[in-house]
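Structure first, then comments.
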Amino acid sequence: MSSEDDDGDKEGLANPEMTTVSRHDFGDSEKIAFSISIIENMKEDYGLFVWPCSIVLAEYVWQQRLRFSGNSVVELGAGTCLPGLVAAKVGSHVTLTDDANRLEVLDNMRRVCDLNKLKCKVLGLTWGVWDASIFSFHPKIILGADVLYDARAFDDLFATVAFMLQSNPGSVFITTYHNRSGHHLIEFLMVKWALKCVKLLDGFSLLPSNKAAKLSGNIQLAEIVLNHKQVEETSCL
Ligand SMILES: C[S@@+](CC[C@H](N)C(=O)[O-])C[C@H]1O[C@@H](n2cnc3c(N)ncnc32)[C@H](O)[C@@H]1O
């Protein structure tokens, strides 16, 4: 059974067996430029649901579309992959990744690409695991929506992010996260991984009012790059 509704409304998701297709519009106040349809399933956990962080990051990609056009982009922990699909729509060469053991999530990504007639690579990439996939692409922009939700996974995630930033000079990690504790999470992680946050935005500040009205919580967007100074200091020790 399926249902279709606008802008991430989750009508019908109360039924855990139900698959739904949500529609997400991008454009300015005058005109919708395009819509992306996402297949969601509440029966499965994390990866088959469009999390609010993903709506914020996708909107940011749309607003920054000139920067994305023609560039190579990798989305980590992509799940239903809305930000990566928007990047593909505005002309990025996109690789969508998620936990290599979660085949249902990877299959759903392929279905969603087909549904939107977008060509993206889909690969299993488990954070902190060094198999062939991590050496196979050279992103200019790394995306991650709501990938900072389980502190036990932070080290693996940032090992992968730091490796990618080091192997691809000039690259940037753009992430949205739900700051549930209110603590200085990003500051702590930056020092630990020799990274630096070059932009920190309140997610709601960039959302159009119709999208903001449907979300709640403290969502932040961070742009993170390698901290060359700290890398040099550490390597001199
Ligand atoms: C909270 S969901 C966010 C999904 C999507 N980015 C969004 O915002 O809608 C977290 C995602 O991270 C993925 N994930 C969790 N642990 C992972 C790991 N160790 N390696 C790779 N992906 C992982 C999950 O499968 C899931 O898709």
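Identifiers in this document derive from the order of the structure tokens: chains are assigned A, B, ..., residues are numbered from 1 separately in each chain, and ligands are numbered from 1 in order of occurrence.
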Fill in: Exercise answer, 8 Å around ligand 1 with only C-alpha atoms and all ligand atoms, as a ChimeraX atom specification
/A:46-55,76-82,97-100,102,105,124-128,144-149,153,156-157
Worksheet entry | Residues near region 207-223 of chain A, cut-off 9 Å, only C-alpha atoms, skip fewer than 4 positions along chain, as an MDAnalysis selection string | chainID A and resid 7:9 28:29 52:53 55:57 59:60 172:180 182 186 196:203
Worksheet, complete the sentence: note - CA of Arg110 (chain A) and CA of Arg152 (chain A) are separated by 28.3 Å
Discussion item. As a VMD selection string, please: every residue in region 121-160 of chain A that DSSP puts in strand (DSSP E).
Written reply: chain A and resid 121 to 124 141 to 145
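Taking only C-alpha atoms into account, Gly27 (chain A) lies nearest to A:Gln63 out of the set A:Ser133, A:Gln63, A:Ser72, A:Ser92.
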Practice prompt. Just the helix (DSSP H, G or I) stuff from region 14-86 of chain A, please, per backbone DSSP, written as a PyMOL selection string.
Written response: chain A and resi 46-48+52-63+65-68+82-86
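We find CA of Arg23 (chain A) and CA of Ser37 (chain A) to be spaced 4.5 Å apart.
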Fill in: Given only C-alpha atoms as the counted atoms, nearest of A:Ala162, A:Val191, A:Leu96, A:Leu85 to Leu226 (chain A)
A:Ala162
Worksheet, complete the sentence: From the list A:Ser205, A:Lys43, A:Met18, A:Gln230, the nearest residue to Glu104 (chain A) using only C-alpha atoms is A:Lys43
Worksheet item: How many Å separate CA of Asp150 (chain A) from CA of Trp130 (chain A)?
Response: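 The value is 20.5 Å.
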